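S.K.: Shown below is the structure under consideration.
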There are 2 protein chains.
Amino acid sequence: MASESQICKIDGINGKLYYRGYSIDDLVENCTFEEVTYLLLYKKLPNSIQLEEFSQKMRKSREIRDEIKSMVRSFPADAHPMELLQSVVSYLSSYIEHKIQHSAYCNCRDTLHQVVQMATVVAALQRFREGKEYVAPRMDISHGANFLYMLHGTEPDPREGEIMDKCLIMHAEHGFNASTFTSRVVASTLSTCYCSISAAMGALYGSLHGGANEKVLQMVDDIGSTENVKSWIEDALRRKSKVMGMGHRVYKAKDPRAVIMEKFLHELSEKKNDYRDYEILKEVEHVFEEIIKAKGKQVYPNVDFFSGAVYRLLGIPSILFTPIFAMARVAGWLGHILEQRSDNRIYRPTSLYRGPDPKQFVRIERC
Amino acid sequence: MASESQICKIDGINGKLYYRGYSIDDLVENCTFEEVTYLLLYKKLPNSIQLEEFSQKMRKSREIRDEIKSMVRSFPADAHPMELLQSVVSYLSSYIEHKIQHSAYCNCRDTLHQVVQMATVVAALQRFREGKEYVAPRMDISHGANFLYMLHGTEPDPREGEIMDKCLIMHAEHGFNASTFTSRVVASTLSTCYCSISAAMGALYGSLHGGANEKVLQMVDDIGSTENVKSWIEDALRRKSKVMGMGHRVYKAKDPRAVIMEKFLHELSEKKNDYRDYEILKEVEHVFEEIIKAKGKQVYPNVDFFSGAVYRLLGIPSILFTPIFAMARVAGWLGHILEQRSDNRIYRPTSLYRGPDPKQFVRIERC
């Protein structure tokens, strides 16, 4: 048991997820990402005046400094964006006005507006990778819609902007995973919230943590069409390789985020008249569930199963999937950093020494 | 209990510290920092051919790319070097040849040579802060001596170079502290070793972790002269503020590194004919021990007690003390990352939910 927490309740048996008591279904249905960020940080939903003020604060901070643009531009094109993102977050911290981040208990709520810039950095990075110009953020649309705008440089379809924003809500928080735990360990030394978030990014970059939705799409492309699903899965099981996006350590029912993601995917497939990914995924779900059922077990899709296909229909390249995860999860990380600091004890776990006994030093003969 | 480990044995009762079975006294007496890095990574001391090869590999990698110099130069002068160092480490990873770091089980031993560049970055940063030119590394002297050379731009005194190198040995490893634990948690997701080290830097930056030797020197300057020691300490105890550098969570005897640091400080004080810090520190140790003894307890100096004064006599500004700690500890972090990967299980601790019960969502009225 690492800690107590008041932020996230995962009811794996019933397939329910709550942020501070509110179900993910209600939050996705009714809120913006900005509103959910407020909930995670301030422990309660904002009233309309608070939300307006908070949203404005976030929006006014979307633009990044020229130095950050130069750094993003200088980044090698073949490096992974997560390396840049980890790097740029600690770099950003050096530009905070009044050096408020140097105060051990700096108010993360006030530094949040800088973290908004992650979306700007991710979009800029991709533009530069494609040899395109930087697109300055807009202030009049949601965080998700503005991300699509900065990425594509064109007015986002209103419903697509909304879906993007809701995808961020679904990725904003999920309890004590490795990256969130990392952010808390670093925060427990009274390091800055930027340095804590940068560290968490490093954990999210690991292939056992972020990146599963990217692999689901690779699987979809590898399968190619619905007819190939059965033989592909049978072959995968023979090779003992995993069917990506199916099953979850905690959820013993369908991941509630997967239910919502599936609806979004269906809606976008209809809108774009492109059902390929949707149909392959539904067939994978069906075939794999049947095979597992025959073994007397059950398996369900998790959030990663449909999200990659949703992002693809929103025109987002798969290299950005983990960075988008980070852009969203930063809200949860900040909630956990604040909680850690509110009753802090430095993480200094014990370990059991199993190495050699003390031994005599024998000096090597020099050449 | 976070884990088992074969790297570091701390015998707090007897004031002994061992890296892979060798006492810190023997290592400081006989080895270079490069040799100890080899020990931490390869689990045994090198023979003379292995050491020669390993040292050459480290030395050849000291120079940094122009892009890194630009990034260091662009860093705001009033930001803390630890922010830059955390940022630059993940940035460095994007320049590794052949992208070996993208492989989950990349061989940290082969990427180590890039981490050598931390010393170059720290020296360059300070040169730029002082409005001076970059000094390219030399290949013919130890890691510690070369650091002094790059920092000052002048031939280092051979004994001072040696002392610097030995100070790095003493900071190279110390079991499961918060930064090392962070590096292991991040490595457990199969993130890159650079991203794991960058994360660990974030933890070391926290005021509860790194930075104590800087505070010891502030105390020394605040005291000003030996006559003021007694009244200063009595006043500090009345104010319930800490006497920095005295006492240690694990050591119930004198920290063996403090014993060595004290010798170095005495030697350098004699060499430079500047005993001020040494005399104030010895008086603080004496007076504070007496006061504690009167309460029936014992207290001893830890490694931070003398190290700041040693660095000051080596001409190092106090803002670099934590970065120097990081430059050294990176060897230990890499040892732990390798150990974590050798028998990996992702860190996903459990937590106890203590937040609100599920509640009804009530939509806010919009303005």
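Following the order of the structure tokens, first chain is A, next is B, and so on, with residues numbered from 1 inside each chain and ligands from 1 in the order they appear.
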Up to 6 Å from chain A, what residues of chain B turn up? Count only C-alpha atoms and give them as an NGL selection string.
M.R.: :B and (1-6 or 21-22 or 48 or 79 or 83 or 87 or 90-91 or 94 or 177-178 or 186 or 189-191 or 195 or 199 or 202-203 or 205-209 or 347-359 or 366)
S.K.: Quick one: residues within 6 Å of stretch 135-145 of chain A, only C-alpha atoms, excluding same-chain residues fewer than 2 positions away - as JSON, numbers by chain?
M.R.: {"A": [59, 147, 148, 150, 161, 164, 165]}
S.K.: Write the residues of the preceding selection, restricted to N, CA, C and O atoms, as a PDB file, in the first residue's frame.
M.R.:
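Writing done, so here's selection-v1.pdb:
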ATOM      1  N   ARG A  59      -6.709  29.321 -21.155  1.00  0.00           N
ATOM      2  CA  ARG A  59      -6.636  29.696 -22.574  1.00  0.00           C
ATOM      3  C   ARG A  59      -5.590  30.773 -22.833  1.00  0.00           C
ATOM      4  O   ARG A  59      -4.871  30.734 -23.826  1.00  0.00           O
ATOM      5  N   PHE A 147      -6.356  22.017 -29.801  1.00  0.00           N
ATOM      6  CA  PHE A 147      -5.256  21.114 -30.150  1.00  0.00           C
ATOM      7  C   PHE A 147      -5.382  20.675 -31.613  1.00  0.00           C
ATOM      8  O   PHE A 147      -4.401  20.726 -32.372  1.00  0.00           O
ATOM      9  N   LEU A 148      -6.577  20.278 -32.028  1.00  0.00           N
ATOM     10  CA  LEU A 148      -6.775  19.880 -33.436  1.00  0.00           C
ATOM     11  C   LEU A 148      -6.492  21.057 -34.375  1.00  0.00           C
ATOM     12  O   LEU A 148      -5.893  20.889 -35.442  1.00  0.00           O
ATOM     13  N   MET A 150      -4.416  23.616 -33.866  1.00  0.00           N
ATOM     14  CA  MET A 150      -2.966  23.872 -33.949  1.00  0.00           C
ATOM     15  C   MET A 150      -2.255  22.774 -34.740  1.00  0.00           C
ATOM     16  O   MET A 150      -1.247  23.014 -35.393  1.00  0.00           O
ATOM     17  N   GLY A 161     -13.891  18.538 -32.475  1.00  0.00           N
ATOM     18  CA  GLY A 161     -13.225  19.240 -31.375  1.00  0.00           C
ATOM     19  C   GLY A 161     -13.767  18.779 -30.028  1.00  0.00           C
ATOM     20  O   GLY A 161     -13.015  18.564 -29.069  1.00  0.00           O
ATOM     21  N   MET A 164     -12.502  15.271 -29.243  1.00  0.00           N
ATOM     22  CA  MET A 164     -11.106  15.347 -28.799  1.00  0.00           C
ATOM     23  C   MET A 164     -11.052  15.767 -27.330  1.00  0.00           C
ATOM     24  O   MET A 164     -10.324  15.185 -26.520  1.00  0.00           O
ATOM     25  N   ASP A 165     -11.816  16.777 -26.998  1.00  0.00           N
ATOM     26  CA  ASP A 165     -11.831  17.272 -25.622  1.00  0.00           C
ATOM     27  C   ASP A 165     -12.288  16.181 -24.648  1.00  0.00           C
ATOM     28  O   ASP A 165     -11.724  16.017 -23.558  1.00  0.00           O
TER      29      ASP A 165
END
S.K.: Taking the backbone alone, and naming residues the way the document does, which bits of stretch 45-286 of chain B are alpha helix (DSSP H) by DSSP, as a ChimeraX atom specification?
M.R.: /B:48-60,66-74,81-93,108-115,117-129,143-152,158-170,178-187,193-204,212-223,229-238,256-272,276-286
S.K.: Counting only C-alpha atoms, which residue out of A:Arg249, A:Lys69, A:His113, A:Arg129 sits closest to A:Tyr38?
M.R.: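 Of all the options, A:His113 lies closest to A:Tyr38.
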S.K.: So which residues touch A:Gly308 within 7 Å, counting only C-alpha atoms, skipping near sequence neighbours fewer than 2 positions away, as a CSV table (one decimal) with N, CA and C atoms, in the first residue's frame?
M.R.:
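New file around.csv:
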chain,number,residue,atom,x,y,z
A,213,ASN,N,-2.4,2.0,-27.3
A,213,ASN,CA,-3.3,2.2,-28.4
A,213,ASN,C,-2.6,2.3,-29.8
A,214,GLU,N,-1.4,2.7,-29.7
A,214,GLU,CA,-0.6,2.7,-30.9
A,214,GLU,C,-0.4,1.3,-31.4
A,217,LEU,N,-3.5,-0.1,-33.1
A,217,LEU,CA,-3.7,0.3,-34.5
A,217,LEU,C,-2.7,-0.5,-35.4
A,304,ASP,N,-7.7,1.6,-24.5
A,304,ASP,CA,-6.8,1.7,-25.6
A,304,ASP,C,-7.4,1.0,-26.8
A,306,PHE,N,-10.2,1.1,-28.5
A,306,PHE,CA,-10.8,2.0,-29.6
A,306,PHE,C,-10.2,3.3,-29.7
A,310,VAL,N,-10.1,6.1,-33.0
A,310,VAL,CA,-10.7,7.5,-32.8
A,310,VAL,C,-9.8,8.6,-33.3
A,311,TYR,N,-8.6,8.5,-32.7
A,311,TYR,CA,-7.6,9.5,-33.0
A,311,TYR,C,-7.2,9.5,-34.5
A,312,ARG,N,-7.1,8.3,-35.1
A,312,ARG,CA,-6.8,8.3,-36.5
A,312,ARG,C,-7.9,9.0,-37.3
S.K.: Would you work out the distance separating atom CA of A:Glu29 from atom CA of A:Ile169, expressed in Å to one decimal?
M.R.: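 Between these atoms lies a distance of 10.2 Å.
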S.K.: Rounded to one decimal in Å, what is the spacing between atom CA of B:Gln126 and atom CA of B:Arg276?
M.R.: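 Atom CA of B:Gln126 sits 25.4 Å away from atom CA of B:Arg276.
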